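So this one's model-v7.tsv, TSV, C-alpha atoms:
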```tsv
chain	number	residue	atom	x	y	z
P	136	MET	CA	-31.46	-19.95	-10.33
P	137	LEU	CA	-30.04	-20.07	-6.82
P	138	GLU	CA	-30.65	-23.81	-6.61
P	139	LYS	CA	-29.02	-24.39	-9.99
P	140	ILE	CA	-25.80	-22.67	-8.97
P	141	ARG	CA	-25.39	-24.25	-5.53
P	142	LYS	CA	-23.06	-26.92	-6.88
P	143	TYR	CA	-20.56	-24.24	-7.95
P	144	ASN	CA	-20.38	-22.67	-4.50
P	145	PHE	CA	-18.86	-23.79	-1.21
P	146	TRP	CA	-22.22	-23.67	0.61
P	147	ASP	CA	-23.48	-26.69	2.59
P	148	GLY	CA	-19.97	-28.16	2.76
P	149	ASN	CA	-19.61	-28.57	-1.01
P	150	VAL	CA	-16.17	-29.82	-2.06
P	151	ILE	CA	-15.00	-27.81	-5.08
P	152	ASP	CA	-12.13	-28.78	-7.37
P	153	LEU	CA	-9.27	-26.39	-6.67
P	154	GLY	CA	-6.74	-27.84	-9.10
P	155	PHE	CA	-3.01	-27.24	-8.70
P	156	ILE	CA	-2.53	-24.47	-6.13
P	157	ARG	CA	-0.89	-21.49	-7.82
P	158	LYS	CA	0.65	-20.05	-4.68
P	159	ASN	CA	2.59	-17.31	-6.46
P	160	TYR	CA	-0.70	-15.76	-7.62
P	161	THR	CA	-2.83	-16.51	-4.56
P	162	ASP	CA	-0.18	-14.97	-2.28
P	163	LYS	CA	-0.02	-11.77	-4.34
P	164	ILE	CA	-3.79	-11.37	-4.54
P	165	HIS	CA	-4.36	-12.35	-0.92
P	166	ASN	CA	-1.98	-9.60	0.15
P	167	ALA	CA	-4.45	-7.13	-1.40
P	168	VAL	CA	-7.46	-8.47	0.55
P	169	GLY	CA	-9.16	-6.44	3.27
P	170	ASN	CA	-10.21	-3.21	1.60
P	171	LYS	CA	-12.65	-1.77	-0.96
P	172	LEU	CA	-10.33	-2.25	-3.92
P	173	VAL	CA	-11.78	-4.45	-6.65
P	174	LYS	CA	-9.38	-7.28	-7.46
P	175	VAL	CA	-9.34	-7.73	-11.23
P	176	LEU	CA	-7.87	-10.89	-12.75
P	177	VAL	CA	-7.16	-10.66	-16.46
P	178	GLY	CA	-5.52	-13.01	-18.93
P	179	GLN	CA	-6.10	-15.33	-21.83
P	180	ARG	CA	-8.95	-17.83	-21.64
P	181	ARG	CA	-7.98	-21.20	-20.15
P	182	ALA	CA	-4.87	-19.80	-18.46
P	183	GLY	CA	-6.27	-20.65	-15.02
P	184	LYS	CA	-8.15	-17.56	-13.78
P	185	SER	CA	-11.16	-19.59	-12.59
P	186	TYR	CA	-8.97	-21.93	-10.55
P	187	VAL	CA	-7.16	-19.00	-8.94
P	188	LEU	CA	-10.49	-17.41	-7.97
P	189	ARG	CA	-11.69	-20.65	-6.36
P	190	GLN	CA	-8.36	-21.10	-4.60
P	191	LEU	CA	-8.65	-17.59	-3.15
P	192	ALA	CA	-12.21	-18.28	-1.95
P	193	HIS	CA	-11.09	-21.51	-0.30
P	194	ARG	CA	-8.17	-19.75	1.36
P	195	LEU	CA	-10.54	-17.20	2.88
P	196	MET	CA	-12.64	-20.04	4.26
P	197	GLU	CA	-9.54	-21.65	5.80
P	198	GLU	CA	-8.94	-18.31	7.53
P	199	GLY	CA	-12.42	-18.30	9.04
P	200	VAL	CA	-14.74	-16.70	6.49
P	201	PRO	CA	-18.07	-18.64	6.56
P	202	SER	CA	-18.92	-20.41	3.31
P	203	ASN	CA	-22.26	-18.54	3.22
P	204	ASN	CA	-20.29	-15.29	2.88
P	205	ILE	CA	-18.71	-16.40	-0.39
P	206	PHE	CA	-20.59	-16.15	-3.67
P	207	TYR	CA	-19.07	-17.54	-6.90
P	208	LEU	CA	-20.45	-17.02	-10.39
P	209	ASN	CA	-18.87	-18.14	-13.66
P	210	LYS	CA	-20.71	-16.64	-16.60
P	211	GLU	CA	-19.38	-19.31	-18.97
P	212	TYR	CA	-21.38	-22.07	-17.23
P	213	LEU	CA	-24.79	-22.89	-18.69
P	214	GLU	CA	-26.45	-22.62	-15.29
P	215	PHE	CA	-25.67	-18.91	-15.33
P	216	GLY	CA	-27.00	-18.46	-18.87
P	217	ASP	CA	-30.04	-16.48	-17.71
P	218	VAL	CA	-27.83	-13.85	-16.06
P	219	LEU	CA	-27.65	-11.58	-19.09
P	220	THR	CA	-27.86	-8.06	-17.67
P	221	VAL	CA	-26.89	-6.16	-14.57
P	222	ASP	CA	-30.51	-6.34	-13.39
P	223	ASP	CA	-30.44	-10.16	-13.64
P	224	LEU	CA	-27.23	-10.21	-11.63
P	225	GLN	CA	-28.65	-7.88	-9.00
P	226	ARG	CA	-31.77	-10.04	-8.56
P	227	LEU	CA	-29.64	-13.16	-8.17
P	228	TYR	CA	-27.44	-11.42	-5.61
P	229	LEU	CA	-30.47	-10.27	-3.58
P	230	ASP	CA	-31.90	-13.81	-3.67
P	231	TYR	CA	-28.55	-15.10	-2.41
P	232	ARG	CA	-28.50	-12.66	0.51
P	233	GLN	CA	-32.10	-13.45	1.45
P	234	GLU	CA	-31.63	-17.24	1.23
P	235	LEU	CA	-28.19	-17.68	2.84
P	236	GLN	CA	-28.35	-14.73	5.25
P	237	PRO	CA	-24.60	-13.93	5.29
P	238	VAL	CA	-23.45	-11.94	8.32
P	239	GLY	CA	-20.81	-9.27	7.80
P	240	LYS	CA	-18.73	-8.76	4.68
P	241	VAL	CA	-19.58	-10.81	1.59
P	242	PHE	CA	-16.87	-11.91	-0.85
P	243	LEU	CA	-18.05	-11.93	-4.47
P	244	PHE	CA	-16.12	-13.90	-7.10
P	245	LEU	CA	-17.41	-13.02	-10.57
P	246	ASP	CA	-15.75	-15.00	-13.38
P	247	GLU	CA	-15.80	-13.75	-17.02
P	248	ILE	CA	-18.00	-10.92	-15.81
P	249	GLN	CA	-17.70	-8.99	-19.09
P	250	LEU	CA	-20.38	-11.32	-20.50
P	251	VAL	CA	-23.00	-9.59	-18.32
P	252	GLU	CA	-24.33	-6.42	-19.94
P	253	GLY	CA	-23.84	-3.41	-17.68
P	254	TRP	CA	-21.72	-5.36	-15.16
P	255	GLU	CA	-19.73	-2.22	-14.37
P	256	ARG	CA	-22.66	-0.75	-12.45
P	257	PHE	CA	-22.94	-3.81	-10.22
P	258	VAL	CA	-19.21	-3.86	-9.46
P	259	ASN	CA	-19.08	-0.15	-8.72
P	260	ALA	CA	-22.16	-0.16	-6.49
P	261	HIS	CA	-21.32	-3.17	-4.34
P	262	SER	CA	-17.60	-2.54	-3.98
P	263	GLN	CA	-18.37	0.84	-2.39
P	264	ASP	CA	-21.43	-0.21	-0.33
P	265	PHE	CA	-20.74	0.51	3.38
P	266	ILE	CA	-24.17	-0.70	4.61
P	267	GLU	CA	-23.86	-4.24	3.21
P	268	PRO	CA	-20.10	-4.42	2.61
P	269	ALA	CA	-18.76	-6.65	-0.14
P	270	GLU	CA	-15.27	-7.30	-1.48
P	271	LEU	CA	-15.19	-8.14	-5.18
P	272	PHE	CA	-12.90	-10.35	-7.24
P	273	ILE	CA	-13.65	-10.29	-10.95
P	274	SER	CA	-12.05	-11.84	-14.02
P	275	GLY	CA	-12.10	-11.18	-17.75
P	276	SER	CA	-10.36	-12.28	-20.94
P	277	ASN	CA	-9.81	-8.96	-22.67
P	278	SER	CA	-7.73	-6.02	-21.50
P	279	ASP	CA	-10.42	-3.62	-22.76
P	280	MET	CA	-12.61	-4.55	-19.80
P	281	LEU	CA	-10.83	-1.88	-17.73
P	282	SER	CA	-10.54	0.76	-20.42
P	283	GLY	CA	-14.11	2.01	-20.35
P	284	GLU	CA	-16.82	2.78	-17.85
P	285	LEU	CA	-15.47	0.73	-14.95
P	286	ALA	CA	-12.13	2.53	-14.99
P	287	THR	CA	-14.00	5.85	-14.96
P	288	MET	CA	-16.36	4.76	-12.19
P	289	LEU	CA	-13.72	3.28	-9.92
P	290	SER	CA	-11.06	5.89	-10.76
P	291	GLY	CA	-8.18	3.95	-9.25
P	292	ARG	CA	-10.17	1.85	-6.78
P	293	TYR	CA	-9.04	-1.44	-8.29
P	294	VAL	CA	-5.89	-3.52	-8.54
P	295	GLU	CA	-5.12	-5.72	-11.53
P	296	PHE	CA	-3.43	-9.13	-11.70
P	297	GLU	CA	-2.59	-10.85	-14.98
P	298	ILE	CA	-2.77	-14.65	-14.91
P	299	LEU	CA	-0.47	-16.52	-17.29
P	300	PRO	CA	-0.10	-20.25	-18.04
P	301	TYR	CA	2.19	-22.33	-15.83
P	302	SER	CA	5.76	-21.20	-15.20
P	303	PHE	CA	8.71	-23.60	-15.13
P	304	ASP	CA	8.64	-23.47	-11.34
P	305	GLU	CA	5.00	-24.60	-11.35
P	306	TYR	CA	5.73	-27.18	-14.06
P	307	THR	CA	8.42	-28.86	-11.96
P	308	LYS	CA	6.28	-28.83	-8.81
P	309	LEU	CA	3.34	-30.27	-10.72
P	310	HIS	CA	5.47	-33.16	-12.00
P	311	ASN	CA	7.65	-33.39	-8.87
P	312	ILE	CA	10.85	-33.16	-10.93
P	313	GLU	CA	14.13	-31.30	-10.56
P	314	GLN	CA	14.88	-27.93	-12.07
P	315	ASN	CA	17.66	-28.71	-14.49
P	316	ARG	CA	18.68	-28.38	-18.12
P	317	GLU	CA	17.01	-31.58	-19.32
P	318	ASN	CA	13.65	-30.74	-17.78
P	319	TYR	CA	13.79	-27.13	-18.96
P	320	ILE	CA	14.24	-28.29	-22.55
P	321	LYS	CA	11.17	-30.53	-22.13
P	322	PHE	CA	9.30	-27.53	-20.74
P	323	LEU	CA	10.16	-25.50	-23.85
P	324	GLN	CA	8.83	-28.25	-26.10
P	325	GLU	CA	5.39	-28.37	-24.49
P	326	GLY	CA	2.61	-25.95	-23.64
P	327	MET	CA	1.70	-24.58	-20.23
P	328	LEU	CA	-2.07	-24.16	-20.38
P	329	PRO	CA	-3.27	-26.01	-17.25
P	330	GLU	CA	-5.70	-28.38	-19.01
P	331	LEU	CA	-2.94	-29.71	-21.27
P	332	PHE	CA	-1.60	-31.75	-18.37
P	333	ASN	CA	-4.80	-33.80	-18.26
P	334	LEU	CA	-4.44	-34.84	-21.92
P	335	GLN	CA	-2.47	-37.97	-22.68
P	336	THR	CA	-1.64	-37.85	-26.39
P	337	GLU	CA	0.00	-35.39	-28.76
P	338	GLU	CA	-3.11	-35.35	-30.95
P	339	MET	CA	-5.40	-34.51	-28.03
P	340	ARG	CA	-3.11	-31.65	-26.98
P	341	ARG	CA	-2.98	-30.29	-30.52
P	342	HIS	CA	-6.76	-30.33	-30.80
P	343	TYR	CA	-7.09	-28.66	-27.41
P	344	VAL	CA	-4.63	-25.86	-28.22
P	345	SER	CA	-6.39	-25.30	-31.54
P	346	SER	CA	-9.78	-25.10	-29.81
P	347	VAL	CA	-8.48	-22.61	-27.24
P	348	LYS	CA	-7.04	-20.44	-30.00
P	349	ASP	CA	-10.30	-20.60	-31.97
P	350	THR	CA	-12.38	-19.76	-28.88
P	351	VAL	CA	-10.26	-16.75	-27.98
P	352	MET	CA	-10.34	-15.46	-31.54
P	353	LEU	CA	-14.08	-15.94	-31.92
P	354	ARG	CA	-15.32	-14.70	-28.53
P	355	ASP	CA	-12.71	-12.12	-27.56
P	356	ILE	CA	-11.79	-10.74	-30.97
P	357	VAL	CA	-14.15	-11.55	-33.88
P	358	ARG	CA	-17.40	-10.91	-31.99
P	359	ARG	CA	-16.08	-8.09	-29.86
P	360	TYR	CA	-14.52	-6.07	-32.67
P	361	ASN	CA	-16.68	-7.26	-35.59
P	362	VAL	CA	-13.66	-8.63	-37.47
P	363	LYS	CA	-14.41	-9.26	-41.14
P	364	ASP	CA	-11.39	-11.21	-42.36
P	365	THR	CA	-10.95	-14.05	-39.84
P	366	GLN	CA	-8.40	-15.83	-42.04
P	367	LEU	CA	-6.18	-12.75	-42.07
P	368	LEU	CA	-6.47	-12.56	-38.29
P	369	GLU	CA	-5.19	-16.13	-37.92
P	370	ASP	CA	-2.50	-15.59	-40.56
P	371	ILE	CA	-1.19	-12.58	-38.64
P	372	PHE	CA	-1.16	-14.60	-35.42
P	373	ARG	CA	0.74	-17.41	-37.16
P	374	TYR	CA	3.24	-14.90	-38.58
P	375	LEU	CA	3.92	-13.30	-35.19
P	376	VAL	CA	4.20	-16.64	-33.36
P	377	ASN	CA	6.77	-17.77	-35.92
P	378	ASN	CA	8.62	-14.47	-35.63
P	379	ALA	CA	8.71	-14.28	-31.84
P	380	ALA	CA	11.98	-12.74	-30.60
P	381	ARG	CA	12.48	-10.89	-33.91
P	382	LEU	CA	11.98	-7.18	-34.48
P	383	VAL	CA	8.96	-6.61	-36.69
P	384	SER	CA	6.72	-3.72	-37.68
P	385	VAL	CA	3.21	-3.45	-39.07
P	386	SER	CA	4.76	-2.45	-42.40
P	387	ASN	CA	6.84	-5.66	-42.38
P	388	ILE	CA	3.66	-7.70	-41.92
P	389	VAL	CA	1.77	-5.83	-44.65
P	390	ASN	CA	4.64	-6.29	-47.09
P	391	TYR	CA	4.92	-9.98	-46.24
P	392	PHE	CA	1.27	-10.66	-47.00
P	393	LYS	CA	1.41	-8.60	-50.17
P	394	SER	CA	4.37	-10.74	-51.29
P	395	GLN	CA	2.15	-13.77	-50.69
P	396	GLY	CA	-0.56	-12.30	-52.90
P	397	LYS	CA	-2.91	-11.41	-50.01
P	398	LYS	CA	-4.40	-7.93	-50.16
P	399	THR	CA	-4.46	-5.94	-46.95
P	400	ASN	CA	-3.46	-2.53	-45.62
P	401	TYR	CA	-1.64	-0.91	-42.72
P	402	GLU	CA	-4.78	0.08	-40.79
P	403	THR	CA	-6.30	-3.42	-40.88
P	404	VAL	CA	-3.09	-5.20	-39.88
P	405	SER	CA	-2.43	-2.68	-37.10
P	406	ALA	CA	-5.95	-3.20	-35.73
P	407	TYR	CA	-5.73	-7.00	-35.87
P	408	VAL	CA	-2.36	-7.05	-34.11
P	409	SER	CA	-3.85	-4.83	-31.40
P	410	TYR	CA	-6.80	-7.22	-30.97
P	411	LEU	CA	-4.47	-10.22	-30.56
P	412	HIS	CA	-2.57	-8.27	-27.92
P	413	LYS	CA	-5.74	-7.23	-26.06
P	414	ALA	CA	-6.94	-10.84	-25.96
P	415	PHE	CA	-3.62	-11.83	-24.33
P	416	LEU	CA	-2.57	-14.16	-27.15
P	417	LEU	CA	0.50	-11.98	-27.69
P	418	HIS	CA	2.71	-9.68	-25.65
P	419	LYS	CA	4.56	-6.69	-26.99
P	420	ALA	CA	8.08	-5.49	-26.15
P	421	GLU	CA	8.87	-2.00	-27.43
P	422	ARG	CA	12.38	-0.69	-28.02
P	423	TYR	CA	14.01	1.26	-25.18
P	424	HIS	CA	16.91	3.66	-25.69
P	425	ILE	CA	19.27	2.73	-22.87
P	426	SER	CA	21.25	5.98	-22.78
P	427	GLY	CA	18.30	8.26	-23.47
P	428	LYS	CA	15.94	6.28	-21.20
P	429	GLU	CA	13.05	6.67	-23.63
P	430	LEU	CA	10.87	4.48	-25.83
P	431	LEU	CA	11.50	4.38	-29.56
P	432	ASN	CA	8.87	4.18	-32.27
P	433	GLY	CA	8.95	1.64	-35.07
P	434	ASN	CA	9.97	-1.97	-34.79
P	435	CYS	CA	9.16	-4.04	-31.71
P	436	LYS	CA	9.04	-7.69	-30.68
P	437	TYR	CA	6.01	-9.88	-30.00
P	438	TYR	CA	5.99	-12.93	-27.77
P	439	SER	CA	3.42	-15.71	-27.60
P	440	ASN	CA	1.42	-16.08	-24.38
P	441	ASP	CA	2.09	-19.82	-24.45
P	442	LEU	CA	4.71	-21.85	-26.29
P	443	ALA	CA	1.95	-24.33	-27.17
P	444	TYR	CA	0.90	-22.21	-30.15
P	445	TYR	CA	4.26	-22.79	-31.77
P	446	ASN	CA	4.84	-26.32	-30.50
P	447	TYR	CA	1.45	-27.73	-31.52
P	448	LEU	CA	0.13	-25.47	-34.29
P	449	TYR	CA	2.59	-23.24	-36.09
P	450	ARG	CA	6.01	-24.80	-36.39
P	451	GLY	CA	8.04	-22.60	-38.75
P	452	PHE	CA	11.32	-23.47	-40.40
P	453	ALA	CA	13.10	-20.28	-39.32
P	454	TYR	CA	12.20	-20.73	-35.66
P	455	GLY	CA	14.64	-22.40	-33.28
P	456	TYR	CA	15.22	-23.32	-29.65
P	457	GLY	CA	16.73	-19.89	-29.05
P	458	ASN	CA	13.39	-18.28	-29.95
P	459	LEU	CA	11.55	-20.57	-27.54
P	460	LEU	CA	14.01	-19.75	-24.78
P	461	GLU	CA	13.75	-16.00	-25.34
P	462	ASN	CA	9.94	-16.22	-25.39
P	463	SER	CA	10.02	-18.18	-22.13
P	464	VAL	CA	12.34	-15.68	-20.43
P	465	TYR	CA	10.08	-12.83	-21.52
P	466	LEU	CA	7.04	-14.57	-19.99
P	467	GLU	CA	8.89	-15.18	-16.72
P	468	LEU	CA	9.77	-11.49	-16.42
P	469	HIS	CA	6.26	-10.39	-17.38
P	470	ARG	CA	4.68	-12.91	-15.00
P	471	ASN	CA	6.54	-11.34	-12.10
P	472	GLY	CA	5.49	-7.78	-12.76
P	473	TRP	CA	8.41	-6.46	-14.78
P	474	GLN	CA	7.94	-4.07	-17.69
P	475	VAL	CA	10.00	-5.62	-20.46
P	476	TYR	CA	11.61	-3.78	-23.37
P	477	VAL	CA	14.14	-4.43	-26.13
P	478	GLY	CA	17.29	-2.44	-25.32
P	479	VAL	CA	18.96	-0.22	-27.92
P	480	GLN	CA	22.53	0.99	-27.35
P	481	GLY	CA	24.06	2.55	-30.43
P	482	GLN	CA	24.02	-0.13	-33.11
P	483	ALA	CA	23.79	-2.92	-30.53
P	484	GLU	CA	20.65	-4.60	-29.22
P	485	VAL	CA	20.10	-5.96	-25.71
P	486	ASP	CA	17.42	-8.64	-25.65
P	487	PHE	CA	15.69	-7.33	-22.54
P	488	VAL	CA	15.69	-4.23	-20.39
P	489	ALA	CA	13.37	-5.07	-17.49
P	490	LEU	CA	12.00	-2.41	-15.15
P	491	ARG	CA	10.00	-2.74	-11.94
P	492	GLY	CA	9.71	0.36	-9.80
P	493	GLU	CA	13.25	1.57	-9.16
P	494	GLN	CA	14.75	-1.75	-10.23
P	495	LYS	CA	16.35	-2.36	-13.61
P	496	ILE	CA	18.12	-5.39	-15.06
P	497	TYR	CA	19.61	-6.19	-18.46
P	498	LEU	CA	19.47	-9.65	-19.99
P	499	GLN	CA	20.87	-11.34	-23.06
P	500	VAL	CA	19.29	-14.69	-23.96
P	501	CYS	CA	21.25	-17.31	-25.87
P	502	TRP	CA	20.66	-21.03	-26.36
P	503	GLN	CA	24.35	-21.91	-26.00
P	504	MET	CA	27.57	-19.97	-26.29
P	505	SER	CA	29.27	-22.71	-28.26
P	506	SER	CA	32.13	-20.59	-29.60
P	507	SER	CA	34.21	-17.59	-28.64
P	508	GLU	CA	32.52	-15.59	-31.41
P	509	THR	CA	29.07	-16.34	-29.98
P	510	ALA	CA	30.22	-15.44	-26.46
P	511	GLU	CA	31.68	-12.14	-27.65
P	512	ARG	CA	28.46	-11.31	-29.54
P	513	GLU	CA	26.32	-11.92	-26.46
P	514	TYR	CA	28.56	-10.25	-23.88
P	515	SER	CA	29.60	-7.13	-25.81
P	516	PRO	CA	26.21	-5.28	-25.73
P	517	LEU	CA	26.04	-5.70	-21.96
P	518	LEU	CA	29.66	-4.70	-21.39
P	519	ALA	CA	29.04	-1.50	-23.38
P	520	ILE	CA	26.35	-0.31	-20.94
P	521	ASN	CA	27.86	2.22	-18.58
P	522	ASP	CA	25.77	1.93	-15.43
P	523	GLN	CA	25.66	-0.14	-12.26
P	524	TYR	CA	22.45	-2.10	-12.84
P	525	ARG	CA	22.68	-5.90	-12.87
P	526	LYS	CA	23.50	-7.61	-16.16
P	527	TYR	CA	22.93	-11.27	-17.03
P	528	ILE	CA	23.49	-13.78	-19.77
P	529	VAL	CA	20.71	-16.41	-19.70
P	530	SER	CA	21.59	-19.60	-21.54
P	531	LEU	CA	21.40	-23.39	-21.45
P	532	ASP	CA	25.14	-24.07	-21.64
P	533	GLU	CA	26.08	-27.29	-19.90
P	534	ILE	CA	28.90	-25.56	-18.03
P	535	ARG	CA	28.44	-22.36	-16.07
P	536	LEU	CA	30.58	-19.52	-17.38
P	537	PRO	CA	32.57	-17.26	-15.04
P	538	ASN	CA	31.58	-13.69	-14.22
P	539	ASN	CA	32.74	-11.37	-17.00
P	540	GLU	CA	33.35	-7.81	-15.76
P	541	GLY	CA	30.15	-7.91	-13.72
P	542	VAL	CA	28.05	-9.78	-16.29
P	543	GLU	CA	26.78	-12.94	-14.62
P	544	HIS	CA	25.85	-16.15	-16.43
P	545	ILE	CA	22.68	-17.85	-15.14
P	546	TYR	CA	20.40	-20.68	-16.19
P	547	PRO	CA	16.78	-19.76	-17.02
P	548	TRP	CA	15.34	-21.55	-13.97
P	549	GLU	CA	17.53	-19.34	-11.76
P	550	LEU	CA	15.65	-16.23	-12.88
P	551	LYS	CA	13.20	-16.72	-10.03
P	552	ASN	CA	16.03	-16.00	-7.55
P	553	ILE	CA	16.57	-12.61	-9.19
P	554	ILE	CA	13.17	-11.31	-10.17
P	555	TYR	CA	10.68	-12.49	-7.52
```
Taking this structure as input, can you express it in the form of structure tokens?
Amino acid sequence: MLEKIRKYNFWDGNVIDLGFIRKNYTDKIHNAVGNKLVKVLVGQRRAGKSYVLRQLAHRLMEEGVPSNNIFYLNKEYLEFGDVLTVDDLQRLYLDYRQELQPVGKVFLFLDEIQLVEGWERFVNAHSQDFIEPAELFISGSNSDMLSGELATMLSGRYVEFEILPYSFDEYTKLHNIEQNRENYIKFLQEGMLPELFNLQTEEMRRHYVSSVKDTVMLRDIVRRYNVKDTQLLEDIFRYLVNNAARLVSVSNIVNYFKSQGKKTNYETVSAYVSYLHKAFLLHKAERYHISGKELLNGNCKYYSNDLAYYNYLYRGFAYGYGNLLENSVYLELHRNGWQVYVGVQGQAEVDFVALRGEQKIYLQVCWQMSSSETAEREYSPLLAINDQYRKYIVSLDEIRLPNNEGVEHIYPWELKNIIY
């Protein structure tokens, strides 16, 4: 086994493909290095977690960690197919220590670790071992991986990082292009899963996005939760992708499918929506009462984890560029650690109330304010908020609009100057 996996490790001077360096993530995670906390990377399959893990390992080597002190395992590779249980993993780890004789702390990078039965015991034992110290970096494709035994065992001794597909900032650096209106519109019309940029034709990209969606649904939802009606699961995903940036409820979805002659019920739809969320295909924004500073039950908004699902698979007639823009702004806020809600102020709605620690910002998202009526509609909910937190209109107008009683107009690519 050890010989079979050598090619995936940096031992013996192996050169490993690192891909496009995602510095925003590697900087954040690297800042957490040097303690017993388990670094947990979560996110949708194919969003780039494996590359980020390898980039972190390589960065440690550049800082002086010997290659023999780094152990990388990706459970999705066939060579690791015999590692089925925690005992298999422990035997492999002991073989590694005996063969490579690492001196000092070992850095373990365990990719898609949830596929190893009983993996929690291994992580807990070795992250707290003070005789043969090890620092662990693990990844998984379902948010449930931290809701069970590991969370109980570690009881706060871990830090979580969610990895999303490429941002606009990464997109422009990857293509070496300017950050401007024209390129942002192109960005909205594509998908940001890293592998898409190695595919040359529209048809190849469509097939790839479809295969990613199918894989996530099969491995992270259908098998995990024993889903019976796989067609309903996909239909719900299609419905929510096409209704991104619109307030919906489980009852809305049930009634829609009943109107289409498809039998279902509240409990099933609620469960399936939850599974899509846990597999990181969708993100949820609940309603937030701005004056009362509390969450409201009922309707909420869902946003797609990648615009590729709409652009390549589920184009709906009621969906427009404004929906794509709002989805993209949501992802940018979420990517940078903000908790994002839909603001409610009387009868008015504010697209986003974003919170991070003591920080709070309000944002309205609009494709273009092409008329005075549109401008009034977008500005008025923000102007009605009686506090001193920052307020922004995010749009793709060709001309920048002046500050309006403290409400600032910005372009979507300028968000990074505000929220990083």
For each of P:Gln324, P:Gln474, P:Ala406, P:Gly396, take the minimum atom-to-atom distance to Asn361 of chain P, counting all atoms listed in the file, then give the residue where this is smallest.
P:Ala406
Take atom CA of Asn204 of chain P and atom CA of Pro237 of chain P and report the distance between them in Å, one decimal.
5.1 Å
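In terms of minimum interatomic distance to Glu330 of chain P, P:Arg181 ranks closest within P:Arg450, P:Arg525, P:Arg359, P:Arg181, counting all atoms listed in the file.
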Within 12 Å of Leu195 of chain P, counting all atoms listed in the file, which residues show up once you throw out same-chain ones fewer than 3 positions away? Write them as a PyMOL selection string, please.
chain P and resi 145+161-162+164-166+168-169+188-192+198-205+240-244+270
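Considering the residues P:Leu448, P:Leu137, P:Asp246, P:Asp349 and counting only C-alpha atoms, Tyr228 of chain P has its shortest atom-to-atom contact with P:Leu137.
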